[in-house]
Structures are given as structure tokens and as C-alpha cells.
Amino acid sequence: GFAVKFYTEEGNWDLVGNNTPIFFIRDPLHFPNFIHTQKRNPMTHLKDADMFWDFISLRPETTHQVSFLFSDRGIPDGYRCMNGYGSHTFKMVNKDGNPIYCKFHYKTDQGIKNCPVDEATRLAGVNPDYAIQDLFDAIANGNFPTWTMYIQVMTFEQAEKC
């Protein structure tokens with residue numbers, strides 16, 4: 001995940017998200033169940049893939065996310081070459097008082113670049129801070145990464161038809 005902090009005259013705002021445009025669940029009540037899949041087995045204190053796959057198999061809406069994660073786009077090659085997608089849908093109200101639903105997306109201007117599984121495995125052992133180092137080195141060399149921010153908008157009426 002990631003977070004971007006906006007400093008405004010009205011206050012500060014953090015936008016949190018992931019590098020995938022899909023999320024595992026639709027119903028926020030299931031989020032604690034998903035988080036439980038990321039924890040260690042209380043008996044062995046080892047990671048337990050069965051907890052993850054049990055959750056996935058019982059929540060059909062997760063199929064889209066899992067197919068993305070296990071595709072060639074599943075492992076970004078550093079922060080500079082990945083998109084960011086806000087996790088939450090916001091209700092925004094314009095100056096006329098009309099509400100809309102809104103999601104925020106950051107598209108990398110460097111282009112998507114992904115890391116093969118064998119290379120990601122090697123980097124995890126050799127340099128677990130590879131993504132941070134890549135970002136720092138690029139900035140230190142004057143190669144400032146940029147992203148273009150997009151918003152996805154849906155009216156209440158459009159949402160009712162879904």
C-alpha cells in the first residue's frame with residue numbers, strides 16, 4: 001500500500017491505496033476477516049497459506065483481484081514504475097451541493113515495469129529495501145518521478161443502476 005499526504009489551507013488529508021485497481025472485498029464488514037488471513041497461525045506462528053485461500057474461495061468477488069496479483073503485473077519493479085489506486089470511494093459535494101462518488105488514481109508517468117518472481121525473490125534476500133533505494137537514487141540523480149492524478153466519478157443515479 002501507499003499513502004499520499006496533501007497539505008491544504010483547509011487541513012491535511014491522507015489518501016491511502018494500493019498498486020492494484022481492485023480490492024479483495026466489497027463489504028467493509030469483511031475487512032477484519034481479510035486482515036486475519038495475513039496474520040500468522042496462532043499454533044505454529046508460521047504464515048498459513050490455507051487462511052488466505054480459504055478466504056478467497058469463500059468470497060467470489062476476490063477472483064478479479066487474485067487474477068491480477070498472480071499475473072505478470074503482480075510485482076511492481078519499485079515505486080516509480082507502479083500506479084496507485086485509492087482504496088476508498090468518497091462522497092464529494094460540489095459548490096452547488098450536488099453529491100458524487102469519487103475515486104482517485106495515480107498513473108505513473110515512467111510506465112509500468114514489473115519484476116519477475118525469481119528476481120523479486122532474489123531482491124528480497126539481497127536488498128529488501130530495493131524499492132526505496134531505487135526511488136531515493138533516482139531523486140538523488142535528478143530523475144524525479146512523476147504521476148498523473150485522475151479521478152473516477154459516478155453520480156448517485158449511475159450507482160443506483162449498477
# chains A, B, ... in the order shown; residues from 1 in each chain; ligands from 1
>>> select_by_dssp(residues="chain A", states="strand (DSSP E or B)", output="number ranges by chain")
A: 2-8, 11-18, 40, 47, 76, 84-86, 90-93, 99-108, 114, 147-155
>>> closest_atom_pairs(of="region 78-99 of chain A", to="region 25-35 of chain A", cutoff="12 Å", atoms="only C-alpha atoms", output="Markdown table")
| residue | atom | partner | partner_atom | distance |
| --- | --- | --- | --- | --- |
| A:Ser87 | CA | A:Ile25 | CA | 10.9 |
| A:His88 | CA | A:Pro28 | CA | 10.4 |
| A:Thr89 | CA | A:Arg26 | CA | 11.1 |
>>> write_last_selection(atoms="N, CA and C atoms", output="JSON list (two decimals), in the first residue's frame")
[["chain", "number", "residue", "atom", "x", "y", "z"],
["A", 87, "SER", "N", -7.86, 3.45, -2.09],
["A", 87, "SER", "CA", -8.67, 2.33, -1.59],
["A", 87, "SER", "C", -10.14, 2.69, -1.43],
["A", 88, "HIS", "N", -10.42, 3.91, -1.09],
["A", 88, "HIS", "CA", -11.78, 4.28, -0.70],
["A", 88, "HIS", "C", -12.52, 5.03, -1.80],
["A", 89, "THR", "N", -13.82, 4.89, -1.78],
["A", 89, "THR", "CA", -14.69, 5.72, -2.60],
["A", 89, "THR", "C", -15.22, 6.82, -1.70]]
>>> closest_residue(among="A:Tyr130, A:Phe136, A:Phe104, A:Phe90", to="Phe156 (chain A)", atoms="only C-alpha atoms")
A:Phe90
>>> residues_around(residues="Met154 (chain A)", least_positions_apart="6", cutoff="12 Å", atoms="only C-alpha atoms", output="JSON, numbers by chain")
{"A": [89, 90, 91, 92, 98, 99, 100, 101, 102, 103, 160, 161, 162]}
>>> residues_around(residues="Gln133 (chain A)", least_positions_apart="6", cutoff="10 Å", atoms="only C-alpha atoms", output="list in words")
Gly78, Tyr79, Asn127 and Ile139 of chain A
>>> select_by_dssp(residues="region 7-158 of chain A", states="helix (DSSP H, G or I)", output="ChimeraX atom specification")
/A:28-37,49-58,60-69,117-126,130-140,156-158
>>> residues_around(residues="region 115-119 of chain A", least_positions_apart="6", cutoff="6 Å", atoms="only C-alpha atoms", output="PDB file with C-alpha atoms, in the first residue's frame")
ATOM      1  CA  ILE A  75       5.014  -7.413  -8.536  1.00  0.00           C
ATOM      2  CA  PRO A  76       5.964  -3.790  -9.295  1.00  0.00           C
ATOM      3  CA  ASP A  77       9.643  -3.100 -10.036  1.00  0.00           C
TER       4      ASP A  77
END
>>> residues_around(residues="Thr62 (chain A)", least_positions_apart="6", cutoff="10 Å", atoms="only C-alpha atoms", output="PyMOL selection string")
chain A and resi 22-26+55-56
>>> write_last_selection(atoms="C-alpha atoms", output="PDB file, in the first residue's frame")
ATOM      1  CA  ILE A  22      -9.211  -3.872  -7.498  1.00  0.00           C
ATOM      2  CA  PHE A  23      -9.820  -4.643  -3.847  1.00  0.00           C
ATOM      3  CA  PHE A  24     -10.495  -8.034  -2.249  1.00  0.00           C
ATOM      4  CA  ILE A  25     -13.844  -7.203  -0.732  1.00  0.00           C
ATOM      5  CA  ARG A  26     -16.922  -5.111  -1.371  1.00  0.00           C
ATOM      6  CA  PHE A  55     -10.924 -16.529   2.456  1.00  0.00           C
ATOM      7  CA  ILE A  56     -10.520 -16.278  -1.332  1.00  0.00           C
TER       8      ILE A  56
END
>>> residues_around(residues="His105 (chain A)", least_positions_apart="2", cutoff="12 Å", atoms="only C-alpha atoms", output="PyMOL selection string")
chain A and resi 2+4+15-22+82-89+102-103+107-108+147-153
>>> atom_distance(atom1="CA of Phe52 (chain A)", atom2="CA of Thr37 (chain A)")
4.8 Å
>>> atom_distance(atom1="CA of Gln110 (chain A)", atom2="CA of Asn141 (chain A)")
15.4 Å
>>> closest_residue(among="A:Val93, A:Asp72, A:Glu61, A:Cys81", to="Ala131 (chain A)", atoms="only C-alpha atoms")
A:Cys81
